[in-house]
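Q: For reference, the file protein35.cif (mmCIF, C-alpha atoms and all ligand atoms) is included below:
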data_data
#
loop_
_atom_site.label_atom_id
_atom_site.label_comp_id
_atom_site.auth_asym_id
_atom_site.auth_seq_id
_atom_site.Cartn_x
_atom_site.Cartn_y
_atom_site.Cartn_z
CA MET A 841 41.94 124.15 126.20
CA THR A 842 41.04 123.18 129.75
CA PHE A 843 43.12 124.48 132.65
CA ASN A 844 44.74 121.08 133.15
CA LYS A 845 45.61 120.70 129.52
CA SER A 846 47.18 124.12 129.33
CA ILE A 847 49.29 123.43 132.41
CA PHE A 848 50.40 120.20 130.76
CA ALA A 849 51.23 122.01 127.51
CA ALA A 850 53.21 124.66 129.36
CA ALA A 851 55.10 122.01 131.33
CA THR A 852 55.90 120.14 128.12
CA ALA A 853 57.17 123.32 126.49
CA VAL A 854 59.43 124.03 129.46
CA ALA A 855 60.70 120.44 129.41
CA LEU A 856 61.48 120.71 125.68
CA MET A 857 63.28 123.98 126.20
CA ALA A 858 65.30 122.43 128.99
CA THR A 859 66.27 119.50 126.75
CA SER A 860 67.33 121.69 123.86
CA ALA A 861 69.21 124.08 126.15
CA SER A 862 71.30 121.25 127.61
CA ALA A 863 71.86 119.45 124.29
CA GLU A 864 75.37 119.91 122.96
CA ASN A 865 76.09 119.81 119.26
CA TRP A 866 79.81 119.53 118.53
CA ARG A 867 81.73 120.02 115.30
CA ALA A 868 84.49 117.49 114.76
CA TRP A 869 87.53 118.06 112.55
CA ASN A 870 88.92 115.19 110.47
CA ILE A 871 91.62 115.65 107.84
CA HIS A 872 90.95 112.37 106.03
CA ASN A 873 88.58 111.43 103.21
CA ASP A 874 86.33 108.42 102.70
CA GLY A 875 88.30 105.20 102.45
CA HIS A 876 90.69 106.14 105.29
CA PRO A 877 90.28 104.13 108.55
CA ASN A 878 90.04 107.31 110.65
CA THR A 879 87.09 108.61 108.65
CA ALA A 880 85.09 105.47 109.41
CA ALA A 881 86.24 105.62 113.04
CA MET A 882 85.13 109.23 113.46
CA ASP A 883 81.73 108.42 111.94
CA LYS A 884 81.49 105.54 114.40
CA PHE A 885 82.45 107.87 117.25
CA ALA A 886 79.59 110.23 116.33
CA GLU A 887 77.13 107.31 116.32
CA LEU A 888 78.42 105.99 119.66
CA VAL A 889 78.27 109.40 121.35
CA ASP A 890 74.71 109.94 120.21
CA ALA A 891 73.66 106.52 121.55
CA ALA A 892 75.60 106.72 124.82
CA THR A 893 74.33 110.20 125.71
CA ASN A 894 70.77 109.65 124.44
CA GLY A 895 71.28 112.51 122.04
CA GLU A 896 72.39 114.94 124.73
CA VAL A 897 75.69 115.27 122.93
CA THR A 898 75.75 115.03 119.15
CA VAL A 899 78.79 115.26 116.90
CA ASP A 900 78.89 116.40 113.27
CA VAL A 901 82.09 115.20 111.68
CA PHE A 902 83.58 117.35 108.90
CA HIS A 903 85.87 115.18 106.79
CA GLY A 904 88.60 116.10 104.32
CA GLY A 905 90.04 118.93 106.43
CA VAL A 906 87.28 121.32 105.33
CA LEU A 907 87.38 123.07 108.72
CA GLY A 908 91.00 124.09 108.13
CA SER A 909 94.59 122.88 108.17
CA GLN A 910 95.69 120.79 111.15
CA PRO A 911 97.63 123.56 112.96
CA ASP A 912 94.66 125.93 112.49
CA ALA A 913 92.12 123.35 113.61
CA LEU A 914 94.18 122.58 116.72
CA GLU A 915 94.16 126.24 117.64
CA GLN A 916 90.39 126.29 117.08
CA VAL A 917 89.92 123.33 119.40
CA ARG A 918 92.21 124.91 121.98
CA ILE A 919 90.03 128.03 122.10
CA GLY A 920 86.75 126.09 121.73
CA ALA A 921 85.73 127.33 118.27
CA ILE A 922 85.74 123.69 117.11
CA GLU A 923 84.90 121.25 119.89
CA ILE A 924 86.63 118.02 118.95
CA GLY A 925 88.63 116.16 116.30
CA ASN A 926 91.03 113.40 115.33
CA PHE A 927 94.50 114.91 115.65
CA ASN A 928 98.02 113.71 115.09
CA LEU A 929 100.32 114.42 118.03
CA GLY A 930 103.03 115.76 115.69
CA PRO A 931 101.48 119.18 115.12
CA ILE A 932 100.48 119.32 118.81
CA GLY A 933 104.16 119.49 119.83
CA PRO A 934 104.58 123.21 119.07
CA MET A 935 101.61 123.88 121.38
CA VAL A 936 102.27 121.30 124.14
CA LYS A 937 105.91 120.55 124.80
CA GLU A 938 105.26 117.14 126.42
CA ALA A 939 103.55 115.95 123.21
CA ASN A 940 106.94 116.28 121.51
CA LEU A 941 107.97 113.04 123.18
CA VAL A 942 106.35 111.15 120.27
CA SER A 943 108.06 113.32 117.63
CA LEU A 944 111.55 112.25 118.58
CA PRO A 945 112.55 109.87 115.77
CA PHE A 946 112.81 106.20 116.83
CA VAL A 947 111.70 106.96 120.41
CA PHE A 948 109.39 103.92 120.26
CA LYS A 949 110.52 100.39 119.43
CA SER A 950 107.27 99.43 117.71
CA VAL A 951 103.58 100.33 117.54
CA PRO A 952 102.72 98.07 120.52
CA HIS A 953 105.53 99.74 122.49
CA MET A 954 104.09 103.17 121.61
CA PHE A 955 100.70 102.08 123.01
CA ARG A 956 102.28 100.73 126.18
CA VAL A 957 104.03 104.07 126.69
CA MET A 958 100.92 106.13 125.89
CA GLU A 959 98.79 104.00 128.18
CA GLY A 960 101.40 104.13 130.95
CA GLU A 961 102.98 106.76 133.14
CA ALA A 962 104.62 108.75 130.33
CA GLY A 963 101.33 108.86 128.41
CA GLU A 964 99.60 110.24 131.49
CA VAL A 965 102.09 113.09 131.64
CA VAL A 966 101.51 113.86 127.95
CA ALA A 967 97.72 113.64 128.30
CA ALA A 968 97.66 115.88 131.38
CA ALA A 969 99.74 118.54 129.64
CA MET A 970 97.50 118.40 126.58
CA GLY A 971 94.40 118.77 128.75
CA GLU A 972 95.99 121.77 130.51
CA ALA A 973 96.61 123.36 127.13
CA GLY A 974 92.93 122.92 126.19
CA VAL A 975 93.24 119.88 123.91
CA LEU A 976 92.21 116.93 126.05
CA PRO A 977 92.87 113.44 124.64
CA LEU A 978 90.01 110.97 125.21
CA ALA A 979 91.56 107.99 123.39
CA TRP A 980 94.56 107.11 121.24
CA PHE A 981 94.42 106.03 117.59
CA ASP A 982 96.98 103.93 115.73
CA ALA A 983 98.79 105.76 112.95
CA GLY A 984 101.38 103.06 112.22
CA ALA A 985 104.87 104.20 111.32
CA ARG A 986 105.93 106.93 108.91
CA SER A 987 108.43 106.21 106.15
CA PHE A 988 109.98 108.22 103.32
CA TYR A 989 108.74 108.24 99.74
CA SER A 990 110.28 109.86 96.76
CA GLN A 991 111.28 109.31 93.13
CA LYS A 992 114.15 107.09 94.24
CA PRO A 993 114.79 104.54 96.97
CA ILE A 994 116.06 105.88 100.30
CA GLU A 995 118.20 103.18 101.86
CA THR A 996 120.65 105.17 103.95
CA PRO A 997 120.57 108.66 105.49
CA ALA A 998 122.97 109.73 102.71
CA ASP A 999 120.15 109.16 100.20
CA VAL A 1000 118.23 112.03 101.84
CA GLU A 1001 121.12 114.43 101.23
CA GLY A 1002 120.09 117.28 98.99
CA LEU A 1003 116.45 116.19 98.80
CA LYS A 1004 113.68 118.62 99.63
CA ILE A 1005 111.37 116.69 101.94
CA ARG A 1006 107.94 117.83 103.10
CA VAL A 1007 107.36 117.49 106.83
CA MET A 1008 104.52 118.30 109.21
CA ASN A 1009 104.62 121.48 111.21
CA ASN A 1010 107.12 120.80 114.03
CA ASP A 1011 110.74 121.93 114.42
CA LEU A 1012 111.76 118.41 115.41
CA TYR A 1013 110.93 117.24 111.88
CA THR A 1014 112.93 120.01 110.24
CA SER A 1015 115.89 119.05 112.49
CA MET A 1016 115.38 115.40 111.55
CA ILE A 1017 115.69 116.12 107.81
CA SER A 1018 118.55 118.61 108.25
CA ALA A 1019 120.48 116.05 110.30
CA MET A 1020 120.57 113.84 107.18
CA GLY A 1021 121.62 116.71 104.92
CA GLY A 1022 118.15 117.16 103.39
CA ASN A 1023 116.13 120.34 103.00
CA PRO A 1024 113.01 120.22 105.15
CA SER A 1025 109.85 121.86 103.88
CA PRO A 1026 107.01 122.18 106.41
CA MET A 1027 103.74 122.27 104.50
CA ALA A 1028 100.02 121.64 105.00
CA PHE A 1029 98.92 118.08 104.19
CA SER A 1030 96.47 119.34 101.55
CA GLU A 1031 99.32 120.84 99.49
CA VAL A 1032 101.65 117.86 99.43
CA GLN A 1033 100.34 115.99 96.40
CA GLN A 1034 100.66 119.03 94.14
CA ALA A 1035 104.09 119.84 95.58
CA LEU A 1036 105.31 116.31 94.84
CA LYS A 1037 103.80 116.42 91.37
CA THR A 1038 105.36 119.72 90.37
CA GLY A 1039 108.71 118.96 91.99
CA VAL A 1040 108.37 121.70 94.62
CA VAL A 1041 109.43 118.89 96.97
CA ASP A 1042 111.31 115.69 96.13
CA GLY A 1043 109.70 113.55 98.76
CA ALA A 1044 107.61 113.29 101.89
CA GLU A 1045 106.96 110.82 104.69
CA ASN A 1046 103.81 109.20 105.95
CA ASN A 1047 102.10 105.89 106.72
CA PHE A 1048 100.59 103.67 104.00
CA PRO A 1049 96.91 104.69 104.45
CA SER A 1050 97.66 108.41 104.13
CA PHE A 1051 100.19 107.81 101.32
CA LYS A 1052 97.39 106.10 99.44
CA ASN A 1053 94.28 108.06 100.47
CA VAL A 1054 95.40 111.45 99.17
CA GLY A 1055 97.15 110.15 96.06
CA HIS A 1056 100.79 110.70 97.02
CA PHE A 1057 101.49 107.28 95.51
CA GLU A 1058 100.34 108.59 92.14
CA VAL A 1059 103.19 111.10 92.01
CA THR A 1060 106.10 109.14 93.52
CA THR A 1061 107.79 105.83 92.69
CA HIS A 1062 109.49 104.47 95.83
CA TYR A 1063 108.33 103.97 99.43
CA SER A 1064 111.27 103.12 101.70
CA LEU A 1065 110.49 101.49 105.04
CA SER A 1066 112.54 103.75 107.34
CA GLU A 1067 109.73 103.79 109.94
CA HIS A 1068 111.44 106.71 111.63
CA LEU A 1069 108.38 108.04 113.44
CA ILE A 1070 105.58 106.21 115.24
CA ILE A 1071 103.19 109.01 116.12
CA PRO A 1072 99.95 108.27 117.92
CA GLU A 1073 96.79 110.21 117.18
CA CYS A 1074 93.95 111.16 119.47
CA ILE A 1075 90.34 112.02 119.68
CA CYS A 1076 90.93 115.34 121.38
CA VAL A 1077 88.24 117.62 122.81
CA ASN A 1078 88.29 121.20 124.02
CA THR A 1079 88.96 120.75 127.74
CA ALA A 1080 86.44 123.34 128.98
CA LYS A 1081 83.60 121.93 126.84
CA PHE A 1082 84.31 118.45 128.16
CA ASN A 1083 84.54 119.60 131.77
CA ALA A 1084 81.22 121.46 131.44
CA LEU A 1085 79.43 118.13 130.88
CA SER A 1086 77.92 116.27 133.83
CA PRO A 1087 80.08 113.41 135.16
CA GLU A 1088 77.67 110.89 133.55
CA MET A 1089 77.93 112.58 130.17
CA GLN A 1090 81.73 112.81 130.45
CA GLU A 1091 81.82 109.10 131.13
CA ALA A 1092 79.55 108.42 128.13
CA VAL A 1093 81.61 110.57 125.74
CA ARG A 1094 84.90 109.11 126.96
CA GLY A 1095 83.51 105.58 126.65
CA ALA A 1096 82.43 106.31 123.07
CA ALA A 1097 85.91 107.61 122.25
CA VAL A 1098 87.59 104.54 123.73
CA GLU A 1099 85.27 102.23 121.78
CA ALA A 1100 85.77 104.20 118.56
CA ALA A 1101 89.54 103.98 119.10
CA LEU A 1102 89.40 100.19 119.47
CA PHE A 1103 87.39 100.08 116.26
CA GLN A 1104 89.95 102.37 114.58
CA ARG A 1105 92.84 100.11 115.58
CA GLU A 1106 91.12 97.12 114.01
CA LEU A 1107 90.39 99.06 110.83
CA TRP A 1108 93.95 100.34 110.83
CA ALA A 1109 95.49 96.86 110.96
CA VAL A 1110 93.51 95.73 107.94
CA GLY A 1111 93.56 99.10 106.16
CA SER A 1112 97.31 99.64 106.29
CA GLU A 1113 98.00 96.16 104.86
CA GLN A 1114 95.45 96.84 102.15
CA ALA A 1115 96.86 100.29 101.40
CA ARG A 1116 100.33 98.79 101.01
CA ALA A 1117 99.00 96.11 98.65
CA ASP A 1118 97.08 98.72 96.65
CA VAL A 1119 100.02 101.06 96.14
CA GLU A 1120 102.28 98.13 95.22
CA ALA A 1121 99.68 96.97 92.70
CA ALA A 1122 99.72 100.51 91.31
CA GLY A 1123 103.49 100.25 90.73
CA ILE A 1124 105.07 101.66 93.89
CA VAL A 1125 108.31 99.89 94.78
CA VAL A 1126 108.49 99.26 98.53
CA ASN A 1127 112.08 99.02 99.83
CA GLU A 1128 112.76 97.16 103.04
CA ILE A 1129 115.60 98.72 105.06
CA ALA A 1130 117.32 95.83 106.78
CA ASP A 1131 119.55 97.98 108.98
CA LYS A 1132 118.00 101.11 110.41
CA ALA A 1133 120.98 101.80 112.70
CA PRO A 1134 122.48 104.47 110.39
CA PHE A 1135 119.17 106.37 110.45
CA GLN A 1136 119.06 106.09 114.24
CA ALA A 1137 122.65 107.24 114.54
CA ALA A 1138 121.90 110.25 112.34
CA MET A 1139 119.30 111.30 114.92
CA ASP A 1140 121.82 111.65 117.78
CA SER A 1141 122.26 115.36 117.07
CA VAL A 1142 118.47 115.83 116.95
CA TYR A 1143 118.17 114.41 120.47
CA ALA A 1144 121.23 116.27 121.76
CA ASP A 1145 120.07 119.65 120.44
CA TYR A 1146 116.49 119.14 121.54
CA LEU A 1147 117.37 118.01 125.06
CA ALA A 1148 119.96 120.76 125.46
CA ALA A 1149 117.25 123.31 124.67
CA ASN A 1150 114.57 121.41 126.66
CA PRO A 1151 116.34 119.73 129.59
CA ASP A 1152 112.99 119.25 131.33
CA MET A 1153 112.05 116.71 128.65
CA GLN A 1154 114.91 114.37 129.53
CA ALA A 1155 113.01 112.53 132.28
CA LEU A 1156 110.00 111.93 130.05
CA VAL A 1157 112.18 110.55 127.25
CA GLU A 1158 113.91 108.25 129.72
CA LEU A 1159 110.57 107.11 131.12
CA ALA A 1160 109.34 106.24 127.62
CA LYS A 1161 112.55 104.46 126.68
CA ALA A 1162 112.52 102.49 129.94
CA THR A 1163 108.97 101.28 129.31
CA GLU A 1164 109.08 97.58 128.44
C1 LIG B 1 98.53 111.69 108.40
C2 LIG B 1 97.87 112.10 109.70
C3 LIG B 1 97.35 113.51 109.61
C4 LIG B 1 98.44 114.44 109.19
C5 LIG B 1 99.12 113.94 107.93
C6 LIG B 1 100.26 114.84 107.49
O1 LIG B 1 96.81 111.20 109.99
O2 LIG B 1 96.82 113.91 110.85
O3 LIG B 1 97.96 115.72 108.97
O4 LIG B 1 99.56 112.61 108.10
O5 LIG B 1 101.29 114.32 107.10
O6 LIG B 1 99.07 110.40 108.50
O7 LIG B 1 100.09 116.07 107.56
#
Hey, can you dump this file as structure tokens for me?

A:
Amino acid sequence: MTFNKSIFAAATAVALMATSASAENWRAWNIHNDGHPNTAAMDKFAELVDAATNGEVTVDVFHGGVLGSQPDALEQVRIGAIEIGNFNLGPIGPMVKEANLVSLPFVFKSVPHMFRVMEGEAGEVVAAAMGEAGVLPLAWFDAGARSFYSQKPIETPADVEGLKIRVMNNDLYTSMISAMGGNPSPMAFSEVQQALKTGVVDGAENNFPSFKNVGHFEVTTHYSLSEHLIIPECICVNTAKFNALSPEMQEAVRGAAVEAALFQRELWAVGSEQARADVEAAGIVVNEIADKAPFQAAMDSVYADYLAANPDMQALVELAKATE
């Protein structure tokens, strides 16, 4: 090797080391399986990040919740043991009080209203608090509305009386079920199908894609359109990992998340219609609830108790409700 060549080789080696030292490889948590809109959206996000950062940031998505239950995975992201994921804001409430805005039943008028709130002033407050807590939202996903399903139709709050209903991990959901005289049962998503099948719970609540994707429709008979919760989801990243990126890379990763979220919302619109059609074709009876006022009225005590214990949330709730 001539002198020049060896200098060149050494310089190349240093350059390669520099590239690999600055390259970030992130693990992403996703609870859903193939066939769910969010799984395709997270795969798309990984592709977009790779392209936008020229491979400086790469994302390996772990589907099917294999990296842990949602509350565990959130804690992992908060401390940076998992870098990123698609999370539902419901289980973020116990960790970030402001996120509980979205877990107050009927707080949003519709899915478009939820997006207007999340993309407005109230959403900024929620996002800032989440970022402070270590779980920084980069973009919002659509998760439709959640409704009850069971072995019987649920047409009024009285129909919930005495039923054991699985809820996600958040005290607001246990209050919501108790307010209707039901018995709330917080449980990991992965355990719900078996619990419904064996009668450990009598019912649960979710949107159509999740109801279908993990087979809850195979072990229930009625899906009743209460639409009591409209909970957004996020692509959320460990705040410190994100802040450690250069401004250009932050921009690239955020841009990829926003684009993946737009893709997710399109997939969601089609996928939730399809999921509804599929479960109906499989024999699920879908009950429309013409008058949701009794369900809303049953939630008065949930709001009163929550706001009495958390008076600092009052302004945020009012801000959301006042959003056109
Ligand atoms: C699904 C959400 C997922 C939740 C799940 C649940 O996408 O994040 O873990 O509901 O009910 O709709 O636990």

Q: Counting all atoms listed in the file, which protein, DNA or RNA residues come within 6 Å of ligand LIG 1 (chain B), given as a VMD selection string?

A: chain A and resid 910 927 to 928 1008 1029 1046 to 1047 1050

Q: Write out as a ChimeraX atom specification the residues lying within 10 Å of Asp1131 of chain A, counting all atoms listed in the file and excluding same-chain residues fewer than 5 positions away.

A: /A:995-996,1066,1136

Q: Which residues are close to segment 935-943 of chain A, i.e. within 7 Å by all atoms listed in the file, leaving aside same-chain residues fewer than 3 positions away? Reply as a count of residues only.

A: 12

Q: How many Å lie between atom CA of Gly1002 of chain A and atom CA of Pro1024 of chain A, rounded to one decimal?

A: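 So the answer is 9.8 Å.
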
Q: In Å, rounded to a single decimal, give me how far atom CA of Val1059 of chain A is from atom CA of Val1000 of chain A.

A: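 Taking atom CA of Val1000 of chain A and atom CA of Val1059 of chain A, their separation equals 18.0 Å.
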
Q: Near Leu907 of chain A, within 9 Å and counting all atoms listed in the file, which residues show up once chain neighbours fewer than 6 positions away are dropped, as a ChimeraX atom specification?

A: /A:868-871,913,922

Q: Can you tell me which residues surround Pro1049 of chain A at a distance of at most 7 Å, considering all atoms listed in the file, apart from same-chain residues fewer than 4 positions away, and format the answer as a compact mmCIF listing (two decimals) with C-alpha atoms, keeping the file's coordinate frame?

A:
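Ended up saving to out-v9.txt:
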# COMPACT_ATOMS: atom_id res chain seq x y z
CA HIS A 876 90.69 106.14 105.29
CA ASN A 1053 94.28 108.06 100.47
CA GLY A 1111 93.56 99.10 106.16
CA SER A 1112 97.31 99.64 106.29
CA ALA A 1115 96.86 100.29 101.40

Q: How many Å lie between atom CA of Arg1006 of chain A and atom CA of Ala1149 of chain A, rounded to one decimal?

A: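 Going from atom CA of Arg1006 of chain A over to atom CA of Ala1149 of chain A covers 24.1 Å.
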
Q: So, counting only C-alpha atoms, which residue among A:Ala886, A:Ala863, A:Ile994, A:Leu1147 is closest to Thr1061 of chain A?

A: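 Between A:Ala886, A:Ala863, A:Ile994, A:Leu1147, the residue approaching Thr1061 of chain A most closely is A:Ile994.
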
Q: Pick from A:Gln1114, A:Asn1078, A:Thr1060, A:Ser1030: nearest to Ser990 of chain A, with all atoms listed in the file counted?

A: A:Thr1060
